[in-house]
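J.: Got a file for you: model_33.pdb, PDB, C-alpha atoms.
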ATOM      1  CA  MET A   1      40.350 141.053-225.249  1.00  0.00           C
ATOM      2  CA  ASP A   2      36.850 141.597-226.569  1.00  0.00           C
ATOM      3  CA  GLU A   3      35.357 145.019-225.690  1.00  0.00           C
ATOM      4  CA  GLN A   4      32.054 143.326-224.791  1.00  0.00           C
ATOM      5  CA  VAL A   5      33.794 141.088-222.225  1.00  0.00           C
ATOM      6  CA  ASN A   6      35.456 144.097-220.558  1.00  0.00           C
ATOM      7  CA  HIS A   7      32.255 146.145-220.508  1.00  0.00           C
ATOM      8  CA  ASP A   8      30.152 143.374-218.972  1.00  0.00           C
ATOM      9  CA  ALA A   9      32.709 142.359-216.361  1.00  0.00           C
ATOM     10  CA  PRO A  10      31.467 142.155-212.782  1.00  0.00           C
ATOM     11  CA  PRO A  11      33.382 144.396-210.323  1.00  0.00           C
ATOM     12  CA  VAL A  12      35.046 141.418-208.601  1.00  0.00           C
ATOM     13  CA  LEU A  13      36.370 140.150-211.949  1.00  0.00           C
ATOM     14  CA  THR A  14      37.729 143.614-212.782  1.00  0.00           C
ATOM     15  CA  ALA A  15      39.446 143.760-209.382  1.00  0.00           C
ATOM     16  CA  ILE A  16      41.030 140.319-209.918  1.00  0.00           C
ATOM     17  CA  ARG A  17      42.208 141.284-213.421  1.00  0.00           C
ATOM     18  CA  ASP A  18      43.772 144.453-211.984  1.00  0.00           C
ATOM     19  CA  LEU A  19      45.466 142.540-209.144  1.00  0.00           C
ATOM     20  CA  LEU A  20      46.887 139.942-211.529  1.00  0.00           C
ATOM     21  CA  ALA A  21      48.078 142.648-213.930  1.00  0.00           C
ATOM     22  CA  ALA A  22      49.779 144.521-211.054  1.00  0.00           C
ATOM     23  CA  HIS A  23      51.750 141.327-210.327  1.00  0.00           C
ATOM     24  CA  ASP A  24      52.441 140.547-214.025  1.00  0.00           C
ATOM     25  CA  VAL A  25      50.466 137.300-213.801  1.00  0.00           C
ATOM     26  CA  PRO A  26      49.327 135.828-217.127  1.00  0.00           C
ATOM     27  CA  PHE A  27      45.894 134.247-217.133  1.00  0.00           C
ATOM     28  CA  ARG A  28      43.297 132.892-219.503  1.00  0.00           C
ATOM     29  CA  GLU A  29      39.763 134.258-219.287  1.00  0.00           C
ATOM     30  CA  LEU A  30      36.696 132.420-220.532  1.00  0.00           C
ATOM     31  CA  VAL A  31      33.109 133.581-220.917  1.00  0.00           C
ATOM     32  CA  HIS A  32      30.639 130.687-220.935  1.00  0.00           C
ATOM     33  CA  GLU A  33      27.039 129.831-220.238  1.00  0.00           C
ATOM     34  CA  PRO A  34      26.151 130.160-216.537  1.00  0.00           C
ATOM     35  CA  THR A  35      27.438 127.218-214.512  1.00  0.00           C
ATOM     36  CA  PHE A  36      25.921 126.161-211.214  1.00  0.00           C
ATOM     37  CA  THR A  37      28.068 123.176-210.201  1.00  0.00           C
ATOM     38  CA  CYS A  38      31.761 122.359-210.177  1.00  0.00           C
ATOM     39  CA  GLU A  39      31.124 119.706-212.840  1.00  0.00           C
ATOM     40  CA  GLU A  40      29.361 122.223-215.124  1.00  0.00           C
ATOM     41  CA  SER A  41      32.181 124.730-214.642  1.00  0.00           C
ATOM     42  CA  ALA A  42      34.852 122.166-215.508  1.00  0.00           C
ATOM     43  CA  ALA A  43      32.957 121.131-218.651  1.00  0.00           C
ATOM     44  CA  ALA A  44      32.446 124.758-219.735  1.00  0.00           C
ATOM     45  CA  ARG A  45      36.181 125.412-219.307  1.00  0.00           C
ATOM     46  CA  GLY A  46      37.233 122.165-220.998  1.00  0.00           C
ATOM     47  CA  GLU A  47      39.422 121.423-217.978  1.00  0.00           C
ATOM     48  CA  PRO A  48      39.575 118.543-215.481  1.00  0.00           C
ATOM     49  CA  ILE A  49      37.465 119.090-212.364  1.00  0.00           C
ATOM     50  CA  ASP A  50      40.422 118.683-210.018  1.00  0.00           C
ATOM     51  CA  ILE A  51      42.051 121.959-211.129  1.00  0.00           C
ATOM     52  CA  GLY A  52      38.880 123.852-210.227  1.00  0.00           C
ATOM     53  CA  GLY A  53      39.162 125.995-207.123  1.00  0.00           C
ATOM     54  CA  LYS A  54      35.929 125.575-205.156  1.00  0.00           C
ATOM     55  CA  CYS A  55      35.651 128.529-202.784  1.00  0.00           C
ATOM     56  CA  LEU A  56      33.324 128.546-199.774  1.00  0.00           C
ATOM     57  CA  LEU A  57      32.484 131.326-197.339  1.00  0.00           C
ATOM     58  CA  MET A  58      32.412 129.671-193.920  1.00  0.00           C
ATOM     59  CA  LYS A  59      32.011 130.826-190.357  1.00  0.00           C
ATOM     60  CA  VAL A  60      34.517 128.887-188.275  1.00  0.00           C
ATOM     61  CA  GLY A  61      34.356 129.747-184.606  1.00  0.00           C
ATOM     62  CA  ASP A  62      33.325 133.402-184.436  1.00  0.00           C
ATOM     63  CA  SER A  63      34.636 134.652-187.776  1.00  0.00           C
ATOM     64  CA  PHE A  64      34.018 134.254-191.485  1.00  0.00           C
ATOM     65  CA  GLY A  65      36.743 133.188-193.883  1.00  0.00           C
ATOM     66  CA  LEU A  66      37.125 131.911-197.419  1.00  0.00           C
ATOM     67  CA  TYR A  67      38.117 128.279-197.869  1.00  0.00           C
ATOM     68  CA  VAL A  68      39.288 127.012-201.260  1.00  0.00           C
ATOM     69  CA  MET A  69      39.888 123.402-202.248  1.00  0.00           C
ATOM     70  CA  SER A  70      40.052 121.274-205.358  1.00  0.00           C
ATOM     71  CA  ALA A  71      36.580 121.113-206.900  1.00  0.00           C
ATOM     72  CA  ALA A  72      36.969 117.328-207.065  1.00  0.00           C
ATOM     73  CA  LEU A  73      36.991 117.091-203.265  1.00  0.00           C
ATOM     74  CA  GLN A  74      34.572 117.646-200.406  1.00  0.00           C
ATOM     75  CA  LEU A  75      35.093 119.748-197.305  1.00  0.00           C
ATOM     76  CA  LYS A  76      35.554 117.626-194.198  1.00  0.00           C
ATOM     77  CA  SER A  77      34.163 119.711-191.350  1.00  0.00           C
ATOM     78  CA  ARG A  78      35.926 117.693-188.661  1.00  0.00           C
ATOM     79  CA  LYS A  79      39.314 118.253-190.341  1.00  0.00           C
ATOM     80  CA  LEU A  80      38.621 121.974-190.763  1.00  0.00           C
ATOM     81  CA  ARG A  81      37.503 122.439-187.162  1.00  0.00           C
ATOM     82  CA  HIS A  82      40.602 120.563-185.997  1.00  0.00           C
ATOM     83  CA  ALA A  83      42.937 122.562-188.288  1.00  0.00           C
ATOM     84  CA  LYS A  84      41.483 125.838-186.980  1.00  0.00           C
ATOM     85  CA  GLY A  85      41.186 124.688-183.353  1.00  0.00           C
ATOM     86  CA  GLU A  86      37.456 125.472-183.299  1.00  0.00           C
ATOM     87  CA  ARG A  87      34.375 123.537-182.250  1.00  0.00           C
ATOM     88  CA  ARG A  88      31.768 125.268-184.413  1.00  0.00           C
ATOM     89  CA  MET A  89      31.529 125.950-188.100  1.00  0.00           C
ATOM     90  CA  ARG A  90      28.865 126.577-190.702  1.00  0.00           C
ATOM     91  CA  PHE A  91      28.445 127.665-194.294  1.00  0.00           C
ATOM     92  CA  ALA A  92      27.380 131.244-194.912  1.00  0.00           C
ATOM     93  CA  SER A  93      23.750 131.406-195.954  1.00  0.00           C
ATOM     94  CA  ARG A  94      22.880 132.567-199.452  1.00  0.00           C
ATOM     95  CA  GLU A  95      21.669 135.843-197.899  1.00  0.00           C
ATOM     96  CA  GLU A  96      24.868 136.339-195.881  1.00  0.00           C
ATOM     97  CA  LEU A  97      26.987 135.601-198.937  1.00  0.00           C
ATOM     98  CA  LEU A  98      25.100 138.150-201.034  1.00  0.00           C
ATOM     99  CA  GLU A  99      25.155 140.759-198.266  1.00  0.00           C
ATOM    100  CA  MET A 100      28.871 140.382-197.470  1.00  0.00           C
ATOM    101  CA  THR A 101      30.243 139.900-200.995  1.00  0.00           C
ATOM    102  CA  GLY A 102      27.570 140.886-203.518  1.00  0.00           C
ATOM    103  CA  LEU A 103      27.996 137.393-205.004  1.00  0.00           C
ATOM    104  CA  VAL A 104      25.847 134.312-205.462  1.00  0.00           C
ATOM    105  CA  PRO A 105      26.854 130.709-204.682  1.00  0.00           C
ATOM    106  CA  GLY A 106      29.168 129.367-207.362  1.00  0.00           C
ATOM    107  CA  SER A 107      30.615 132.760-208.281  1.00  0.00           C
ATOM    108  CA  VAL A 108      32.956 133.285-205.319  1.00  0.00           C
ATOM    109  CA  PRO A 109      36.575 133.491-206.488  1.00  0.00           C
ATOM    110  CA  PRO A 110      39.405 132.143-204.316  1.00  0.00           C
ATOM    111  CA  PHE A 111      40.715 135.563-203.282  1.00  0.00           C
ATOM    112  CA  GLY A 112      40.514 137.181-199.877  1.00  0.00           C
ATOM    113  CA  GLU A 113      41.756 140.693-199.202  1.00  0.00           C
ATOM    114  CA  PRO A 114      42.023 142.960-201.142  1.00  0.00           C
ATOM    115  CA  ILE A 115      39.401 141.367-203.424  1.00  0.00           C
ATOM    116  CA  LEU A 116      36.993 140.057-200.782  1.00  0.00           C
ATOM    117  CA  PRO A 117      37.154 141.187-197.131  1.00  0.00           C
ATOM    118  CA  PHE A 118      38.004 137.828-195.560  1.00  0.00           C
ATOM    119  CA  PRO A 119      41.052 135.785-194.618  1.00  0.00           C
ATOM    120  CA  LEU A 120      41.836 133.170-197.268  1.00  0.00           C
ATOM    121  CA  HIS A 121      42.637 129.533-196.510  1.00  0.00           C
ATOM    122  CA  ALA A 122      43.566 126.966-199.147  1.00  0.00           C
ATOM    123  CA  ASP A 123      43.441 123.227-198.732  1.00  0.00           C
ATOM    124  CA  GLU A 124      46.725 121.562-199.626  1.00  0.00           C
ATOM    125  CA  SER A 125      44.903 119.930-202.581  1.00  0.00           C
ATOM    126  CA  ILE A 126      45.258 123.230-204.457  1.00  0.00           C
ATOM    127  CA  THR A 127      49.051 122.841-204.464  1.00  0.00           C
ATOM    128  CA  ARG A 128      48.902 119.466-206.281  1.00  0.00           C
ATOM    129  CA  ASN A 129      48.027 120.999-209.666  1.00  0.00           C
ATOM    130  CA  ASP A 130      50.039 123.183-212.009  1.00  0.00           C
ATOM    131  CA  ARG A 131      47.057 125.475-212.638  1.00  0.00           C
ATOM    132  CA  ILE A 132      43.844 126.603-210.983  1.00  0.00           C
ATOM    133  CA  ALA A 133      40.532 127.515-212.628  1.00  0.00           C
ATOM    134  CA  PHE A 134      37.633 129.305-210.970  1.00  0.00           C
ATOM    135  CA  ASN A 135      34.497 131.339-211.530  1.00  0.00           C
ATOM    136  CA  ALA A 136      35.506 134.955-211.081  1.00  0.00           C
ATOM    137  CA  GLY A 137      32.675 136.986-209.619  1.00  0.00           C
ATOM    138  CA  SER A 138      29.957 135.601-211.861  1.00  0.00           C
ATOM    139  CA  LEU A 139      28.578 132.284-213.038  1.00  0.00           C
ATOM    140  CA  ARG A 140      29.683 133.166-216.605  1.00  0.00           C
ATOM    141  CA  HIS A 141      33.308 134.255-216.206  1.00  0.00           C
ATOM    142  CA  SER A 142      36.204 131.901-215.459  1.00  0.00           C
ATOM    143  CA  LEU A 143      39.905 132.521-215.040  1.00  0.00           C
ATOM    144  CA  ILE A 144      42.710 129.977-215.358  1.00  0.00           C
ATOM    145  CA  LEU A 145      46.237 130.684-214.140  1.00  0.00           C
ATOM    146  CA  SER A 146      49.256 128.881-212.787  1.00  0.00           C
ATOM    147  CA  THR A 147      48.925 127.622-209.238  1.00  0.00           C
ATOM    148  CA  GLU A 148      52.341 129.068-208.437  1.00  0.00           C
ATOM    149  CA  ASP A 149      51.194 132.558-209.483  1.00  0.00           C
ATOM    150  CA  TYR A 150      47.864 132.128-207.690  1.00  0.00           C
ATOM    151  CA  LEU A 151      49.548 131.171-204.409  1.00  0.00           C
ATOM    152  CA  ARG A 152      52.025 134.041-204.714  1.00  0.00           C
ATOM    153  CA  VAL A 153      49.354 136.694-205.338  1.00  0.00           C
ATOM    154  CA  ALA A 154      46.456 135.396-203.224  1.00  0.00           C
ATOM    155  CA  SER A 155      48.711 134.367-200.294  1.00  0.00           C
ATOM    156  CA  PRO A 156      46.354 131.871-198.640  1.00  0.00           C
ATOM    157  CA  THR A 157      47.115 130.054-195.414  1.00  0.00           C
ATOM    158  CA  ILE A 158      47.585 126.392-196.405  1.00  0.00           C
ATOM    159  CA  LEU A 159      45.646 123.860-194.317  1.00  0.00           C
ATOM    160  CA  SER A 160      44.339 120.317-194.793  1.00  0.00           C
ATOM    161  CA  TYR A 161      40.532 120.039-194.670  1.00  0.00           C
ATOM    162  CA  ALA A 162      39.305 118.290-197.824  1.00  0.00           C
ATOM    163  CA  GLU A 163      39.039 114.668-198.983  1.00  0.00           C
TER
END
Please lay out the structure from this file as structure tokens.

T.:
Amino acid sequence: MDEQVNHDAPPVLTAIRDLLAAHDVPFRELVHEPTFTCEESAAARGEPIDIGGKCLLMKVGDSFGLYVMSAALQLKSRKLRHAKGERRMRFASREELLEMTGLVPGSVPPFGEPILPFPLHADESITRNDRIAFNAGSLRHSLILSTEDYLRVASPTILSYAE
């Protein structure tokens, strides 16, 4: 791996690399121009949009959690509220996201504890693909790994909340 890539790595990316290495998980890392949408990220990676893991910080009921789904899909709030047995939900504001994670929208990786201090929930759409790709703590760094390895290491609760 290029020394420049390692030196410029955001702390969240370094933590994910270390976690994957501790579990002997192979992955591909890409450095690209900043991407601000799921479509831009997919194009920069040269991968189909559906393998992208779109990760959202949401407050459902009284607590925040991370919710990951295929980047080709949209969150369905009614399905999520039903799946969690809650009446209220909202997206974290840009300010809350920055304060709680140190990250900006579009850079949140699909990892809860020990990477980010939140419970992790994955929509069943993630399990349909053989690999997952995501921005890893910055708008310029992406990781791609097998979905099987991702699910084993990240250990999300699987729900159904996207269409």

J.: Rank A:Met58, A:Val153, A:Leu80, A:Ile158 by their smallest atom-to-atom distance to Ala22 in chain A, using all atoms listed in the file, and report the top residue only.

T.: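 The shortest atom-to-atom distance to Ala22 in chain A comes from A:Val153.
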
J.: Quick one, how far is CA of Gly52 in chain A from CA of Glu95 in chain A?

T.: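 The value is 24.3 Å.
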
J.: When the PyMOL selection byres ((chain A and resi 109) around 8) is applied to the structure above, which residues does it catch, written out as a PyMOL selection string?

T.: chain A and resi 53+55+107-108+110-111+134-137

J.: Find the distance between CA of Phe91 in chain A and CA of Leu66 in chain A and write it in Å to one decimal.

T.: 10.2 Å

J.: Give me the result of the PyMOL selection byres ((chain A and resi 117) around 12) on this file, residue by residue, as a list in words.

T.: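 Evaluating the PyMOL selection byres ((chain A and resi 117) around 12) on this file yields Val12, Leu57, Ser63, Phe64, Gly65, Leu66, Leu97, Met100, Thr101, Gly102, Pro110, Phe111, Gly112, Glu113, Pro114, Ile115, Leu116, Phe118, Pro119 and Leu120 of chain A.
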
J.: For the selection just defined, write its residues with C-alpha atoms to a file, as a short mmCIF file (atom, residue, chain, number, x, y, z; two decimals), in the frame of the given file.

T.:
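The resulting selection39.cif:
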data_model
loop_
_atom_site.label_atom_id
_atom_site.label_comp_id
_atom_site.auth_asym_id
_atom_site.auth_seq_id
_atom_site.Cartn_x
_atom_site.Cartn_y
_atom_site.Cartn_z
CA VAL A 12 35.05 141.42 -208.60
CA LEU A 57 32.48 131.33 -197.34
CA SER A 63 34.64 134.65 -187.78
CA PHE A 64 34.02 134.25 -191.48
CA GLY A 65 36.74 133.19 -193.88
CA LEU A 66 37.12 131.91 -197.42
CA LEU A 97 26.99 135.60 -198.94
CA MET A 100 28.87 140.38 -197.47
CA THR A 101 30.24 139.90 -201.00
CA GLY A 102 27.57 140.89 -203.52
CA PRO A 110 39.40 132.14 -204.32
CA PHE A 111 40.72 135.56 -203.28
CA GLY A 112 40.51 137.18 -199.88
CA GLU A 113 41.76 140.69 -199.20
CA PRO A 114 42.02 142.96 -201.14
CA ILE A 115 39.40 141.37 -203.42
CA LEU A 116 36.99 140.06 -200.78
CA PHE A 118 38.00 137.83 -195.56
CA PRO A 119 41.05 135.78 -194.62
CA LEU A 120 41.84 133.17 -197.27
#

J.: On this file, the PyMOL selection byres ((chain A and resi 138-141) around 7) gives some set of residues; write that set as a list in words.

T.: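 That selection, the PyMOL selection byres ((chain A and resi 138-141) around 7), comes back as Pro10, Leu30, Val31, His32, Glu33, Pro34, Thr35, Phe36, Gly106, Ser107, Asn135, Ala136, Gly137, Ser142 and Leu143 of chain A.
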
J.: Please save C-alpha atoms of the selected residues as a PDB file, in the coordinates of the input.

T.:
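Output file selection_39.pdb is given in full below:
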ATOM      1  CA  PRO A  10      31.467 142.155-212.782  1.00  0.00           C
ATOM      2  CA  LEU A  30      36.696 132.420-220.532  1.00  0.00           C
ATOM      3  CA  VAL A  31      33.109 133.581-220.917  1.00  0.00           C
ATOM      4  CA  HIS A  32      30.639 130.687-220.935  1.00  0.00           C
ATOM      5  CA  GLU A  33      27.039 129.831-220.238  1.00  0.00           C
ATOM      6  CA  PRO A  34      26.151 130.160-216.537  1.00  0.00           C
ATOM      7  CA  THR A  35      27.438 127.218-214.512  1.00  0.00           C
ATOM      8  CA  PHE A  36      25.921 126.161-211.214  1.00  0.00           C
ATOM      9  CA  GLY A 106      29.168 129.367-207.362  1.00  0.00           C
ATOM     10  CA  SER A 107      30.615 132.760-208.281  1.00  0.00           C
ATOM     11  CA  ASN A 135      34.497 131.339-211.530  1.00  0.00           C
ATOM     12  CA  ALA A 136      35.506 134.955-211.081  1.00  0.00           C
ATOM     13  CA  GLY A 137      32.675 136.986-209.619  1.00  0.00           C
ATOM     14  CA  SER A 142      36.204 131.901-215.459  1.00  0.00           C
ATOM     15  CA  LEU A 143      39.905 132.521-215.040  1.00  0.00           C
TER      16      LEU A 143
END

J.: Do you know which residues are at most 10 Å from Thr37 in chain A counting all atoms listed in the file, after dropping those on the same chain fewer than 4 positions away, and could you put them as an NGL selection string?

T.: :A and (41-43 or 54 or 71 or 105-106 or 139)

J.: Some atoms are absent from range 53-69 of chain A, so rebuild N, CA, C and O atoms and return them as a PDB file, keeping the file's coordinate frame.

T.:
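As a result, out.pdb now contains:
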ATOM      1  N   GLY A  53      39.041 125.509-208.491  1.00  0.00           N
ATOM      2  CA  GLY A  53      39.162 125.995-207.123  1.00  0.00           C
ATOM      3  C   GLY A  53      37.775 126.299-206.580  1.00  0.00           C
ATOM      4  O   GLY A  53      37.192 127.318-206.915  1.00  0.00           O
ATOM      5  N   LYS A  54      37.241 125.391-205.780  1.00  0.00           N
ATOM      6  CA  LYS A  54      35.929 125.575-205.156  1.00  0.00           C
ATOM      7  C   LYS A  54      36.139 126.451-203.928  1.00  0.00           C
ATOM      8  O   LYS A  54      36.906 126.091-203.031  1.00  0.00           O
ATOM      9  N   CYS A  55      35.453 127.587-203.875  1.00  0.00           N
ATOM     10  CA  CYS A  55      35.651 128.529-202.784  1.00  0.00           C
ATOM     11  C   CYS A  55      34.365 128.691-201.982  1.00  0.00           C
ATOM     12  O   CYS A  55      33.312 128.979-202.553  1.00  0.00           O
ATOM     13  N   LEU A  56      34.472 128.497-200.667  1.00  0.00           N
ATOM     14  CA  LEU A  56      33.324 128.546-199.774  1.00  0.00           C
ATOM     15  C   LEU A  56      33.525 129.626-198.723  1.00  0.00           C
ATOM     16  O   LEU A  56      34.618 129.749-198.159  1.00  0.00           O
ATOM     17  N   LEU A  57      32.465 130.383-198.448  1.00  0.00           N
ATOM     18  CA  LEU A  57      32.484 131.326-197.339  1.00  0.00           C
ATOM     19  C   LEU A  57      31.932 130.589-196.133  1.00  0.00           C
ATOM     20  O   LEU A  57      30.798 130.109-196.158  1.00  0.00           O
ATOM     21  N   MET A  58      32.761 130.453-195.100  1.00  0.00           N
ATOM     22  CA  MET A  58      32.412 129.671-193.920  1.00  0.00           C
ATOM     23  C   MET A  58      32.608 130.519-192.666  1.00  0.00           C
ATOM     24  O   MET A  58      33.515 131.351-192.624  1.00  0.00           O
ATOM     25  N   LYS A  59      31.790 130.245-191.680  1.00  0.00           N
ATOM     26  CA  LYS A  59      32.011 130.826-190.357  1.00  0.00           C
ATOM     27  C   LYS A  59      32.578 129.710-189.493  1.00  0.00           C
ATOM     28  O   LYS A  59      31.910 128.718-189.215  1.00  0.00           O
ATOM     29  N   VAL A  60      33.834 129.866-189.109  1.00  0.00           N
ATOM     30  CA  VAL A  60      34.517 128.887-188.275  1.00  0.00           C
ATOM     31  C   VAL A  60      34.817 129.591-186.959  1.00  0.00           C
ATOM     32  O   VAL A  60      35.495 130.622-186.946  1.00  0.00           O
ATOM     33  N   GLY A  61      34.274 129.039-185.872  1.00  0.00           N
ATOM     34  CA  GLY A  61      34.356 129.747-184.606  1.00  0.00           C
ATOM     35  C   GLY A  61      33.490 130.987-184.697  1.00  0.00           C
ATOM     36  O   GLY A  61      32.314 130.909-185.067  1.00  0.00           O
ATOM     37  N   ASP A  62      34.084 132.151-184.431  1.00  0.00           N
ATOM     38  CA  ASP A  62      33.325 133.402-184.436  1.00  0.00           C
ATOM     39  C   ASP A  62      33.551 134.260-185.672  1.00  0.00           C
ATOM     40  O   ASP A  62      33.029 135.372-185.744  1.00  0.00           O
ATOM     41  N   SER A  63      34.335 133.780-186.643  1.00  0.00           N
ATOM     42  CA  SER A  63      34.636 134.652-187.776  1.00  0.00           C
ATOM     43  C   SER A  63      34.496 133.944-189.125  1.00  0.00           C
ATOM     44  O   SER A  63      34.704 132.743-189.243  1.00  0.00           O
ATOM     45  N   PHE A  64      34.153 134.749-190.119  1.00  0.00           N
ATOM     46  CA  PHE A  64      34.018 134.254-191.485  1.00  0.00           C
ATOM     47  C   PHE A  64      35.383 134.231-192.164  1.00  0.00           C
ATOM     48  O   PHE A  64      36.253 135.057-191.883  1.00  0.00           O
ATOM     49  N   GLY A  65      35.545 133.284-193.064  1.00  0.00           N
ATOM     50  CA  GLY A  65      36.743 133.188-193.883  1.00  0.00           C
ATOM     51  C   GLY A  65      36.401 132.482-195.178  1.00  0.00           C
ATOM     52  O   GLY A  65      35.340 131.855-195.305  1.00  0.00           O
ATOM     53  N   LEU A  66      37.276 132.606-196.144  1.00  0.00           N
ATOM     54  CA  LEU A  66      37.125 131.911-197.419  1.00  0.00           C
ATOM     55  C   LEU A  66      38.007 130.671-197.399  1.00  0.00           C
ATOM     56  O   LEU A  66      39.173 130.732-196.990  1.00  0.00           O
ATOM     57  N   TYR A  67      37.432 129.563-197.866  1.00  0.00           N
ATOM     58  CA  TYR A  67      38.117 128.279-197.869  1.00  0.00           C
ATOM     59  C   TYR A  67      38.054 127.708-199.275  1.00  0.00           C
ATOM     60  O   TYR A  67      36.971 127.466-199.799  1.00  0.00           O
ATOM     61  N   VAL A  68      39.224 127.514-199.886  1.00  0.00           N
ATOM     62  CA  VAL A  68      39.288 127.012-201.260  1.00  0.00           C
ATOM     63  C   VAL A  68      39.927 125.628-201.261  1.00  0.00           C
ATOM     64  O   VAL A  68      40.835 125.350-200.491  1.00  0.00           O
ATOM     65  N   MET A  69      39.380 124.766-202.113  1.00  0.00           N
ATOM     66  CA  MET A  69      39.888 123.402-202.248  1.00  0.00           C
ATOM     67  C   MET A  69      39.669 122.953-203.684  1.00  0.00           C
ATOM     68  O   MET A  69      38.932 123.589-204.435  1.00  0.00           O
TER      69      MET A  69
END
